[in-house]
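One file, entry_24.cif, carrying mmCIF, C-alpha atoms:
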data_work
#
loop_
_atom_site.label_atom_id
_atom_site.label_comp_id
_atom_site.auth_asym_id
_atom_site.auth_seq_id
_atom_site.Cartn_x
_atom_site.Cartn_y
_atom_site.Cartn_z
CA MET A 1468 14.80 -7.08 -0.53
CA SER A 1469 17.23 -7.28 2.37
CA ARG A 1470 17.82 -4.31 4.65
CA THR A 1471 16.77 -0.72 5.17
CA SER A 1472 18.64 2.51 5.07
CA PRO A 1473 18.38 5.52 7.34
CA HIS A 1474 19.77 8.97 7.17
CA ARG A 1475 22.03 10.72 9.64
CA HIS A 1476 20.57 14.21 9.38
CA LEU A 1477 18.26 15.83 11.87
CA PRO A 1478 14.59 15.63 10.94
CA THR A 1479 12.96 18.71 9.52
CA PRO A 1480 10.65 20.67 11.82
CA GLU A 1481 7.01 19.67 12.08
CA LEU A 1482 5.23 21.42 9.22
CA SER A 1483 2.03 19.55 8.60
CA ARG A 1484 -1.45 19.62 10.01
CA ARG A 1485 -4.53 17.49 9.64
CA GLY A 1486 -5.76 18.62 6.22
CA LEU A 1487 -8.87 18.53 4.16
CA LEU A 1488 -10.34 15.05 4.35
CA ARG A 1489 -12.44 14.44 1.29
CA THR A 1490 -13.96 16.57 -1.38
CA ALA A 1491 -17.61 17.29 -0.79
CA GLY A 1492 -18.48 15.42 -3.99
CA GLY A 1493 -16.60 12.30 -2.96
CA LEU A 1494 -18.20 12.27 0.47
CA THR A 1495 -21.64 12.80 -1.02
CA ALA A 1496 -21.10 9.91 -3.42
CA ALA A 1497 -20.06 7.65 -0.57
CA LEU A 1498 -23.15 8.54 1.42
CA ALA A 1499 -25.40 8.05 -1.58
CA ALA A 1500 -23.93 4.62 -2.15
CA GLY A 1501 -24.74 3.58 1.38
CA GLY A 1502 -21.33 3.73 3.06
CA SER A 1503 -21.03 4.47 6.74
CA THR A 1504 -19.11 7.62 7.50
CA ALA A 1505 -16.37 8.44 9.96
CA VAL A 1506 -17.11 11.19 12.44
CA LEU A 1507 -14.80 13.93 11.19
CA THR A 1508 -15.67 16.79 13.53
CA GLY A 1509 -14.02 17.20 16.87
CA SER A 1510 -11.22 14.73 16.16
CA THR A 1511 -7.65 15.56 17.06
CA ALA A 1512 -4.61 15.14 14.85
CA GLY A 1513 -3.35 11.58 14.93
CA ALA A 1514 -6.47 10.24 16.64
CA ALA A 1515 -8.50 7.36 15.30
CA PRO A 1516 -11.96 8.31 14.01
CA ALA A 1517 -14.79 8.01 16.49
CA THR A 1518 -16.54 5.78 13.97
CA PHE A 1519 -14.65 3.88 11.29
CA THR A 1520 -15.81 4.13 7.70
CA HIS A 1521 -16.71 0.82 6.01
CA PRO A 1522 -15.74 0.13 3.32
CA GLY A 1523 -12.83 2.35 4.15
CA MET A 1524 -9.45 1.03 3.09
CA LEU A 1525 -8.22 1.32 -0.50
CA HIS A 1526 -11.78 1.85 -1.69
CA ASN A 1527 -14.71 3.68 -0.18
CA ALA A 1528 -18.32 3.36 -1.25
CA GLY A 1529 -18.00 6.30 -3.62
CA ASP A 1530 -15.06 4.69 -5.46
CA ILE A 1531 -17.00 1.47 -5.86
CA ASN A 1532 -20.16 3.17 -7.03
CA ARG A 1533 -18.26 5.29 -9.57
CA ALA A 1534 -16.54 2.24 -11.08
CA LYS A 1535 -19.82 0.34 -11.19
CA VAL A 1536 -21.69 3.16 -12.95
CA ARG A 1537 -18.91 3.95 -15.39
CA VAL A 1538 -18.32 0.34 -16.41
CA ALA A 1539 -22.04 -0.23 -16.90
CA ALA A 1540 -22.12 2.83 -19.15
CA GLY A 1541 -19.19 1.54 -21.19
CA ASP A 1542 -17.02 4.56 -20.38
CA ASP A 1543 -13.26 4.57 -20.69
CA PRO A 1544 -10.81 4.35 -19.01
CA TRP A 1545 -12.96 2.43 -16.50
CA LEU A 1546 -14.06 -0.10 -19.11
CA SER A 1547 -10.45 -0.77 -20.11
CA GLY A 1548 -9.59 -1.28 -16.45
CA TRP A 1549 -12.53 -3.64 -16.05
CA ARG A 1550 -11.45 -5.69 -19.05
CA ARG A 1551 -7.97 -5.95 -17.58
CA LEU A 1552 -9.53 -7.29 -14.37
CA THR A 1553 -11.84 -9.82 -16.00
CA ALA A 1554 -9.01 -11.13 -18.20
CA ASN A 1555 -6.90 -12.02 -15.15
CA GLY A 1556 -7.03 -15.70 -14.22
CA ARG A 1557 -7.17 -14.86 -10.52
CA SER A 1558 -10.44 -12.97 -10.96
CA GLN A 1559 -12.29 -16.09 -12.09
CA SER A 1560 -14.95 -17.47 -9.75
CA THR A 1561 -13.55 -21.00 -10.25
CA TRP A 1562 -10.37 -20.17 -8.33
CA THR A 1563 -9.61 -22.81 -5.69
CA PRO A 1564 -7.82 -21.64 -2.52
CA ARG A 1565 -4.75 -23.46 -1.22
CA ALA A 1566 -4.82 -22.47 2.43
CA THR A 1567 -2.13 -23.89 4.67
CA ALA A 1568 -1.49 -23.76 8.40
CA THR A 1569 2.06 -22.43 8.06
CA VAL A 1570 3.31 -19.88 5.54
CA ILE A 1571 7.08 -19.71 5.05
CA ARG A 1572 8.86 -16.81 3.38
CA GLY A 1573 12.64 -16.94 3.43
CA GLY A 1574 14.83 -19.95 4.16
CA ASP A 1575 13.91 -23.57 3.57
CA GLY A 1576 10.50 -24.81 2.53
CA GLN A 1577 9.15 -21.55 1.16
CA ASN A 1578 5.48 -21.77 0.19
CA TYR A 1579 4.33 -18.17 0.40
CA PRO A 1580 3.25 -17.94 -3.27
CA GLN A 1581 0.17 -19.90 -2.18
CA LEU A 1582 -0.77 -16.97 0.03
CA TYR A 1583 -0.12 -14.10 -2.35
CA ASN A 1584 -1.90 -15.83 -5.22
CA ASP A 1585 -4.96 -16.50 -3.06
CA ILE A 1586 -5.00 -12.93 -1.76
CA ALA A 1587 -4.91 -11.60 -5.32
CA ALA A 1588 -7.77 -13.94 -6.21
CA ALA A 1589 -9.85 -12.90 -3.20
CA TYR A 1590 -9.34 -9.21 -3.94
CA GLN A 1591 -10.01 -9.52 -7.66
CA ASN A 1592 -13.14 -11.59 -7.15
CA ALA A 1593 -14.33 -9.07 -4.56
CA LEU A 1594 -13.85 -6.26 -7.09
CA ARG A 1595 -15.79 -8.20 -9.73
CA TRP A 1596 -18.63 -8.66 -7.27
CA HIS A 1597 -18.80 -5.00 -6.34
CA VAL A 1598 -18.42 -3.60 -9.85
CA GLY A 1599 -20.12 -6.30 -11.90
CA GLY A 1600 -22.58 -7.68 -9.37
CA THR A 1601 -21.74 -11.34 -10.06
CA ARG A 1602 -22.58 -13.41 -7.02
CA ASP A 1603 -20.32 -16.28 -8.11
CA ASN A 1604 -17.34 -13.96 -7.70
CA ALA A 1605 -18.49 -12.92 -4.24
CA ASP A 1606 -18.90 -16.54 -3.21
CA CYS A 1607 -15.40 -17.30 -4.49
CA ALA A 1608 -13.87 -14.42 -2.52
CA VAL A 1609 -15.61 -15.65 0.63
CA ARG A 1610 -14.40 -19.22 0.07
CA ILE A 1611 -10.82 -17.98 -0.09
CA LEU A 1612 -11.11 -15.75 2.98
CA ASN A 1613 -12.85 -18.41 5.06
CA ALA A 1614 -10.40 -21.11 4.00
CA TRP A 1615 -7.43 -19.12 5.24
CA SER A 1616 -9.02 -17.89 8.45
CA SER A 1617 -9.89 -21.48 9.38
CA THR A 1618 -6.41 -22.81 8.55
CA LEU A 1619 -3.56 -20.32 8.95
CA THR A 1620 -1.83 -20.28 12.33
CA THR A 1621 1.79 -19.28 11.61
CA ILE A 1622 3.91 -17.07 9.37
CA THR A 1623 7.58 -17.93 9.62
CA GLY A 1624 10.90 -18.10 7.75
CA ASN A 1625 13.98 -15.92 7.97
CA ALA A 1626 13.76 -12.12 8.26
CA ASP A 1627 11.56 -12.15 5.18
CA ARG A 1628 8.71 -13.38 7.37
CA PHE A 1629 8.24 -9.74 8.32
CA LEU A 1630 7.74 -8.84 4.68
CA ALA A 1631 5.11 -11.57 4.37
CA ALA A 1632 3.27 -10.42 7.48
CA GLY A 1633 3.39 -6.82 6.25
CA ILE A 1634 2.61 -6.99 2.55
CA TYR A 1635 0.09 -9.81 2.75
CA GLY A 1636 -1.39 -8.47 5.98
CA TRP A 1637 -2.62 -5.20 4.51
CA GLN A 1638 -3.64 -6.84 1.27
CA PHE A 1639 -5.64 -9.61 2.95
CA ALA A 1640 -7.39 -7.10 5.18
CA ASN A 1641 -8.40 -5.11 2.11
CA ALA A 1642 -9.96 -8.15 0.46
CA ALA A 1643 -11.87 -8.90 3.66
CA GLU A 1644 -13.05 -5.30 3.97
CA LEU A 1645 -14.66 -5.55 0.55
CA MET A 1646 -16.61 -8.65 1.61
CA ARG A 1647 -17.64 -7.28 4.99
CA GLY A 1648 -21.29 -8.16 5.64
CA TYR A 1649 -21.59 -10.63 2.77
CA PRO A 1650 -23.59 -13.76 3.72
CA GLY A 1651 -21.36 -16.63 4.74
CA PHE A 1652 -18.23 -14.58 5.35
CA ASP A 1653 -16.93 -15.25 8.86
CA LEU A 1654 -15.64 -11.76 9.59
CA GLY A 1655 -15.02 -12.46 13.28
CA ARG A 1656 -12.78 -15.43 12.57
CA PHE A 1657 -10.92 -13.48 9.90
CA GLN A 1658 -10.38 -10.58 12.30
CA ASN A 1659 -8.96 -13.04 14.83
CA MET A 1660 -6.51 -14.36 12.24
CA MET A 1661 -5.34 -10.84 11.45
CA ARG A 1662 -4.91 -9.99 15.13
CA ASP A 1663 -3.29 -13.29 16.15
CA VAL A 1664 -1.14 -14.22 13.14
CA PHE A 1665 -0.27 -11.03 11.24
CA TYR A 1666 -0.28 -8.25 13.82
CA PRO A 1667 2.23 -9.78 16.28
CA LEU A 1668 4.86 -9.93 13.54
CA ASN A 1669 3.98 -6.41 12.33
CA ASN A 1670 4.34 -5.07 15.85
CA GLN A 1671 7.50 -7.05 16.56
CA PHE A 1672 9.19 -5.64 13.48
CA LEU A 1673 8.19 -2.04 14.10
CA THR A 1674 9.31 -2.14 17.74
CA GLN A 1675 12.43 -4.34 17.48
CA HIS A 1676 13.50 -4.34 13.80
CA ASN A 1677 14.70 -7.94 14.07
CA GLY A 1678 17.44 -6.91 16.50
CA ALA A 1679 19.27 -4.87 13.88
CA CYS A 1680 20.52 -1.30 13.79
CA ILE A 1681 17.48 0.95 13.43
CA THR A 1682 18.68 2.07 10.00
CA ASN A 1683 19.41 -1.43 8.72
CA TYR A 1684 16.12 -2.12 6.95
CA TRP A 1685 14.91 -0.33 3.84
CA ALA A 1686 11.84 1.88 4.03
CA ASN A 1687 9.62 -0.76 2.43
CA TRP A 1688 10.02 -3.09 5.40
CA ASP A 1689 8.58 -0.51 7.76
CA LEU A 1690 5.97 0.65 5.28
CA CYS A 1691 4.41 -2.73 4.62
CA ASN A 1692 4.14 -3.42 8.34
CA VAL A 1693 2.69 0.02 9.04
CA ALA A 1694 0.16 -0.60 6.26
CA SER A 1695 -0.78 -3.93 7.83
CA VAL A 1696 -1.26 -2.45 11.29
CA LEU A 1697 -3.38 0.34 9.80
CA ALA A 1698 -5.51 -2.08 7.79
CA ILE A 1699 -6.00 -4.39 10.77
CA GLY A 1700 -7.03 -1.41 12.87
CA ILE A 1701 -9.67 -0.45 10.31
CA LEU A 1702 -10.88 -4.01 9.75
CA CYS A 1703 -11.22 -4.63 13.48
CA ASP A 1704 -12.45 -1.13 14.44
CA ASP A 1705 -9.38 -0.93 16.67
CA GLY A 1706 -8.42 2.68 17.32
CA ALA A 1707 -5.21 1.80 19.15
CA LYS A 1708 -3.79 -0.06 16.16
CA TYR A 1709 -4.92 2.66 13.80
CA ASP A 1710 -3.14 5.27 15.94
CA GLN A 1711 -0.03 3.11 16.17
CA ALA A 1712 0.25 3.07 12.40
CA VAL A 1713 -0.46 6.77 11.88
CA ASN A 1714 1.95 7.78 14.62
CA TYR A 1715 4.69 5.60 13.16
CA PHE A 1716 4.18 7.14 9.73
CA LYS A 1717 4.65 10.59 11.25
CA ASN A 1718 7.35 9.98 13.85
CA GLY A 1719 8.53 6.35 13.75
CA ALA A 1720 12.11 5.34 14.52
CA GLY A 1721 12.75 3.43 11.30
CA ASN A 1722 13.02 4.36 7.65
CA GLY A 1723 9.30 4.08 6.95
CA ALA A 1724 8.57 7.29 8.84
CA ILE A 1725 7.86 10.00 6.29
CA ARG A 1726 10.88 12.25 6.90
CA LYS A 1727 13.23 9.26 6.81
CA ALA A 1728 11.59 7.69 3.76
CA VAL A 1729 12.01 11.07 2.04
CA PRO A 1730 15.26 12.31 3.61
CA PHE A 1731 16.06 15.15 1.18
CA LEU A 1732 13.95 17.78 -0.53
CA HIS A 1733 15.12 19.28 -3.81
CA PRO A 1734 13.98 22.26 -5.89
CA ASP A 1735 10.91 22.01 -8.13
CA ASN A 1736 8.92 20.05 -5.54
CA LEU A 1737 11.04 16.91 -5.75
CA GLY A 1738 11.81 14.67 -2.81
CA GLN A 1739 14.54 12.02 -2.84
CA TRP A 1740 13.30 8.55 -1.87
CA GLN A 1741 15.26 6.51 0.66
CA GLU A 1742 15.84 3.55 -1.69
CA SER A 1743 16.66 5.61 -4.79
CA GLY A 1744 20.34 4.68 -4.59
CA ARG A 1745 19.44 1.00 -4.27
CA ASP A 1746 17.31 0.27 -7.35
CA GLN A 1747 14.16 1.50 -9.01
CA GLY A 1748 12.07 -1.66 -8.58
CA HIS A 1749 12.07 -1.32 -4.79
CA THR A 1750 11.77 2.44 -5.08
CA VAL A 1751 8.57 2.12 -7.12
CA MET A 1752 7.41 -0.53 -4.67
CA GLY A 1753 7.75 2.13 -1.99
CA MET A 1754 5.33 4.34 -3.91
CA GLY A 1755 2.78 1.54 -3.69
CA GLN A 1756 3.34 0.77 -0.01
CA MET A 1757 3.24 4.38 1.16
CA GLY A 1758 0.41 5.09 -1.24
CA ALA A 1759 -1.66 2.30 0.33
CA ILE A 1760 -1.09 3.78 3.79
CA CYS A 1761 -2.10 7.24 2.64
CA GLU A 1762 -5.21 6.06 0.78
CA MET A 1763 -6.45 3.94 3.69
CA ALA A 1764 -5.89 6.78 6.13
CA TRP A 1765 -7.59 9.26 3.78
CA ASN A 1766 -10.71 7.11 3.73
CA GLN A 1767 -10.76 7.33 7.54
CA GLY A 1768 -10.35 11.10 7.62
CA GLU A 1769 -6.56 11.39 8.03
CA ASP A 1770 -4.58 13.31 5.40
CA LEU A 1771 -1.21 11.59 5.30
CA TYR A 1772 -0.94 12.34 1.59
CA GLY A 1773 -0.52 16.01 2.46
CA TYR A 1774 1.46 15.52 5.66
CA ASP A 1775 4.61 17.61 6.13
CA GLY A 1776 3.93 19.92 3.20
CA ASN A 1777 2.99 17.18 0.70
CA ARG A 1778 6.29 15.42 1.33
CA PHE A 1779 5.10 12.16 -0.21
CA MET A 1780 3.88 13.97 -3.34
CA LYS A 1781 7.37 15.38 -3.80
CA ALA A 1782 8.87 11.89 -3.55
CA ALA A 1783 6.33 10.48 -6.01
CA GLN A 1784 7.18 13.26 -8.50
CA TYR A 1785 10.89 12.53 -8.05
CA VAL A 1786 10.51 8.79 -8.59
CA ALA A 1787 8.14 9.25 -11.52
CA LYS A 1788 10.43 11.77 -13.22
CA TYR A 1789 13.48 9.53 -13.00
CA ASN A 1790 11.58 6.46 -14.17
CA LEU A 1791 10.28 8.41 -17.14
CA GLY A 1792 13.90 8.70 -18.26
CA GLU A 1793 14.66 12.22 -17.01
CA THR A 1794 17.42 13.37 -14.68
CA VAL A 1795 16.88 14.23 -11.02
CA PRO A 1796 19.22 15.63 -8.35
CA PHE A 1797 20.72 13.25 -5.81
CA THR A 1798 22.22 13.99 -2.40
CA LYS A 1799 24.63 11.48 -0.87
CA TYR A 1800 22.72 9.18 1.44
CA THR A 1801 24.39 7.47 4.42
CA TRP A 1802 23.17 4.83 6.88
CA GLY A 1803 24.27 2.19 9.32
CA THR A 1804 23.75 -1.50 8.61
CA GLY A 1805 23.78 -4.78 10.53
CA VAL A 1806 23.77 -5.00 14.30
CA ASN A 1807 26.60 -2.51 14.80
CA CYS A 1808 25.43 0.17 12.35
CA ASP A 1809 28.38 -0.28 10.00
CA TYR A 1810 28.69 2.73 7.70
CA ARG A 1811 27.24 2.59 4.20
CA GLU A 1812 26.56 5.24 1.58
CA HIS A 1813 24.92 5.85 -1.77
CA THR A 1814 26.53 8.60 -3.80
CA VAL A 1815 24.49 8.30 -7.02
CA ILE A 1816 20.97 7.32 -7.93
CA SER A 1817 20.65 3.74 -9.17
CA ASP A 1818 19.46 2.99 -12.69
CA ALA A 1819 18.87 -0.70 -11.87
CA SER A 1820 15.37 -1.76 -13.02
CA ARG A 1821 14.72 1.80 -14.15
CA GLY A 1822 11.30 2.11 -15.78
CA GLN A 1823 9.95 -1.08 -14.23
CA VAL A 1824 6.16 -1.12 -14.47
CA ARG A 1825 4.17 -1.61 -11.28
CA PRO A 1826 0.50 -0.72 -10.77
CA VAL A 1827 1.04 2.06 -8.25
CA TRP A 1828 0.61 5.30 -10.16
CA ALA A 1829 -3.12 5.69 -10.88
CA MET A 1830 -3.99 6.08 -7.20
CA LEU A 1831 -1.34 8.75 -6.61
CA ASP A 1832 -2.17 10.71 -9.76
CA SER A 1833 -5.86 10.54 -8.91
CA HIS A 1834 -5.30 11.92 -5.44
CA TYR A 1835 -2.89 14.75 -6.07
CA ARG A 1836 -4.09 15.87 -9.49
CA ARG A 1837 -7.82 15.14 -9.40
CA ARG A 1838 -8.80 15.32 -5.71
CA ARG A 1839 -6.43 18.09 -4.73
CA ASN A 1840 -5.96 19.85 -8.07
CA LEU A 1841 -2.18 20.02 -7.67
CA ALA A 1842 0.32 20.21 -10.51
CA VAL A 1843 1.99 16.80 -10.71
CA PRO A 1844 3.14 16.53 -14.32
CA TYR A 1845 5.42 13.54 -13.83
CA LEU A 1846 2.79 11.58 -11.92
CA GLN A 1847 0.28 12.34 -14.64
CA ARG A 1848 2.62 11.23 -17.41
CA ILE A 1849 3.72 8.01 -15.77
CA ALA A 1850 0.16 7.07 -14.80
CA GLN A 1851 -0.98 7.55 -18.38
CA SER A 1852 1.97 5.54 -19.69
CA VAL A 1853 1.03 2.38 -17.79
CA HIS A 1854 -2.77 2.36 -17.90
CA PRO A 1855 -4.94 0.41 -17.78
CA GLU A 1856 -3.35 -0.98 -14.64
CA GLY A 1857 -3.59 -4.67 -13.93
CA GLY A 1858 -2.90 -6.51 -10.69
CA GLY A 1859 -1.39 -9.67 -9.26
CA GLY A 1860 -0.67 -12.09 -12.09
CA ASP A 1861 -0.21 -9.37 -14.70
CA TYR A 1862 3.35 -8.42 -13.75
CA GLY A 1863 5.20 -11.71 -13.55
CA SER A 1864 4.94 -14.77 -11.34
CA THR A 1865 7.42 -13.78 -8.63
CA SER A 1866 6.50 -11.94 -5.46
CA GLY A 1867 7.38 -8.51 -6.83
CA GLY A 1868 4.43 -8.75 -9.18
CA TYR A 1869 2.13 -9.12 -6.16
CA ASP A 1870 3.49 -6.34 -3.95
CA GLN A 1871 0.46 -4.21 -4.80
CA LEU A 1872 -3.16 -5.11 -5.44
CA GLY A 1873 -3.44 -2.95 -8.53
CA PHE A 1874 -6.39 -2.10 -10.84
CA GLY A 1875 -6.02 1.59 -10.14
CA THR A 1876 -7.39 2.63 -13.52
CA LEU A 1877 -10.68 0.93 -12.76
CA MET A 1878 -10.98 2.12 -9.18
CA TYR A 1879 -9.41 5.60 -9.15
CA ALA A 1880 -9.99 7.20 -12.54
CA LYS A 1881 -12.08 10.36 -12.19
#
Let me see the file written as structure tokens.
Amino acid sequence: MSRTSPHRHLPTPELSRRGLLRTAGGLTAALAAGGSTAVLTGSTAGAAPATFTHPGMLHNAGDINRAKVRVAAGDDPWLSGWRRLTANGRSQSTWTPRATATVIRGGDGQNYPQLYNDIAAAYQNALRWHVGGTRDNADCAVRILNAWSSTLTTITGNADRFLAAGIYGWQFANAAELMRGYPGFDLGRFQNMMRDVFYPLNNQFLTQHNGACITNYWANWDLCNVASVLAIGILCDDGAKYDQAVNYFKNGAGNGAIRKAVPFLHPDNLGQWQESGRDQGHTVMGMGQMGAICEMAWNQGEDLYGYDGNRFMKAAQYVAKYNLGETVPFTKYTWGTGVNCDYREHTVISDASRGQVRPVWAMLDSHYRRRRNLAVPYLQRIAQSVHPEGGGGDYGSTSGGYDQLGFGTLMYAK
């Protein structure tokens, strides 16, 4: 992934409002399972919750309890998702972390696969602990988290260092959130690592964009860094960081802001994605990055899924429809690249890597179709076509296979 694209059109007027937060059933399940609850009354749009929900990133207590109960009962599709998890080598409690002081992504001496493999292992072991109750898996997750928080001091490399800080920032925070309160986990030290190593790069990218034209970098670059800032805000109970992320999603300068990530709306509730003219692998990646932001915010009482008239839903339908092999409309997309904003354009949608499978769809289908009872036929079809979803290690050995944490069938089926 190299640069971003913007659009040259004026943004659409503000249409959205802070929407419904959770269904009553989902909130009740979370409370019954012992989760703390954000204060939802009296909050203003775009404001951090008065009290953060924990666990409250990709999974809340209700999600965890549902998966645990359903797997124990032998119910599908949860059981199929569970088997996909337990078959993954990174979910084994014997996993040995390879923490290092300096992570390099881009340029000479790259070693970042050590980080993304360990994050996948920490997350998968944490899921096995919560759903299966195996203490060995919990202990393994804690070993990984503690090893990195006691070792990592620097993320560096070429511009791709910002991808590392973004993607692995939000993912690492999610693994830590699942182990919050577990004996032996040094949460304070881990929080310090996230604030001191990951956040400065996230913030630097979102405010300076590596010195490039504001439209130079693709939406995914913004999105992964917004997701990291949001996750760090939740992990650290830091309302300022939480607000920074939410405000960027709504009104940011770069292509990760919702109306720039989805620059054109088409008939039949379809929204053109900013990277659609680039290739479908990165476009589907965008579904996972924006989906992570929306799910984490939802679990804190902020409805970004529905923001601006369900704009993200329209993009997800568009991307799903095209990657199911159907045709979609395409409006010429223009942007400026490099330092001087040199003109570039896409005139047709790209069929490169069309149909590539990534574990991003179960979460989106679950939200729009099951939580909100909206008609999303293409999301439903594509989610069904790829389940049960796996995670890191199930989709190849290169970094693209680790851009999302996965296991949506297990954790989001309803």
* Evaluate the PyMOL selection byres ((chain A and resi 1756-1767) around 7) and report residues as a ChimeraX atom specification -> /A:1488,1505,1516,1519-1520,1523-1525,1527,1687,1690-1691,1694,1752-1755,1768-1772,1831
* **Explicit residues for the PyMOL selection byres ((chain A and resi 1693) around 9) (as a PyMOL selection string)** => chain A and resi 1633+1637+1669-1670+1673+1688-1692+1694-1698+1711-1713+1715-1716+1723+1760
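Shortest atom-to-atom contact with A:Pro1796 among A:Asp1710, A:Glu1812, A:Asp1606, A:Asp1735: A:Asp1735, counting only C-alpha atoms.
Note that atom CA of A:Thr1750 and atom CA of A:Tyr1800 are 14.4 Å apart.
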* Using the chain letters and numbering of this document, enumerate as a PyMOL selection string the residues selected by the PyMOL selection byres ((chain A and resi 1722) around 9). => chain A and resi 1471-1474+1681-1690+1719-1721+1723-1729+1741
* Asked: Which residues come within 7 Å of A:Ser1817, counting all atoms listed in the file, excluding same-chain residues fewer than 2 positions away, as an MDAnalysis selection string?
  -> chainID A and resid 1743:1747 1815 1819
* Asked: So how many Å separate atom CA of A:Met1830 and atom CA of A:Gly1858, to one decimal?
  ->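 Separation between atom CA of A:Met1830 and atom CA of A:Gly1858: 13.1 Å.
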Adding 8 Å on each side of the box along x, y and z that holds all listed atoms of stretch 1764-1775 of chain A, could you give its centre and edge lengths in Å to one decimal, as AutoDock Vina command-line options?
--center_x -3.1 --center_y 12.2 --center_z 4.8 --size_x 31.4 --size_y 26.8 --size_z 22.4
Got a sec: who's within 9 Å of A:Ala1632, counting only C-alpha atoms, leaving out chain neighbours fewer than 2 positions off, as a PDB file with C-alpha atoms, in the frame of the given file?
ATOM      1  CA  ILE A1622       3.910 -17.070   9.370  1.00  0.00           C
ATOM      2  CA  THR A1623       7.580 -17.930   9.620  1.00  0.00           C
ATOM      3  CA  ASP A1627      11.560 -12.150   5.180  1.00  0.00           C
ATOM      4  CA  ARG A1628       8.710 -13.380   7.370  1.00  0.00           C
ATOM      5  CA  PHE A1629       8.240  -9.740   8.320  1.00  0.00           C
ATOM      6  CA  LEU A1630       7.740  -8.840   4.680  1.00  0.00           C
ATOM      7  CA  ILE A1634       2.610  -6.990   2.550  1.00  0.00           C
ATOM      8  CA  TYR A1635       0.090  -9.810   2.750  1.00  0.00           C
ATOM      9  CA  GLY A1636      -1.390  -8.470   5.980  1.00  0.00           C
ATOM     10  CA  TRP A1637      -2.620  -5.200   4.510  1.00  0.00           C
ATOM     11  CA  VAL A1664      -1.140 -14.220  13.140  1.00  0.00           C
ATOM     12  CA  PHE A1665      -0.270 -11.030  11.240  1.00  0.00           C
ATOM     13  CA  TYR A1666      -0.280  -8.250  13.820  1.00  0.00           C
ATOM     14  CA  PRO A1667       2.230  -9.780  16.280  1.00  0.00           C
ATOM     15  CA  LEU A1668       4.860  -9.930  13.540  1.00  0.00           C
ATOM     16  CA  ASN A1669       3.980  -6.410  12.330  1.00  0.00           C
ATOM     17  CA  CYS A1691       4.410  -2.730   4.620  1.00  0.00           C
ATOM     18  CA  ASN A1692       4.140  -3.420   8.340  1.00  0.00           C
ATOM     19  CA  SER A1695      -0.780  -3.930   7.830  1.00  0.00           C
TER      20      SER A1695
END
* Structure fact -> For A:Ala1642, the closest of A:Leu1872, A:Val1827, A:Val1843, A:Leu1791 counting all atoms listed in the file is A:Leu1872
* To do: Please provide the set of residues having any atom within 8 Å of A:Ala1589, restricted to only C-alpha atoms, with same-chain residues fewer than 3 positions apart removed, written as a list of chain:residue names.
  =>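 Here the answer would be A:Ser1558, A:Asp1585, A:Ile1586, A:Asn1592, A:Ala1593, A:Cys1607, A:Ala1608, A:Val1609, A:Ile1611, A:Leu1612, A:Ala1642.
Put simply, atom CA of A:Ala1631 is 17.7 Å away from atom CA of A:Gly1748.
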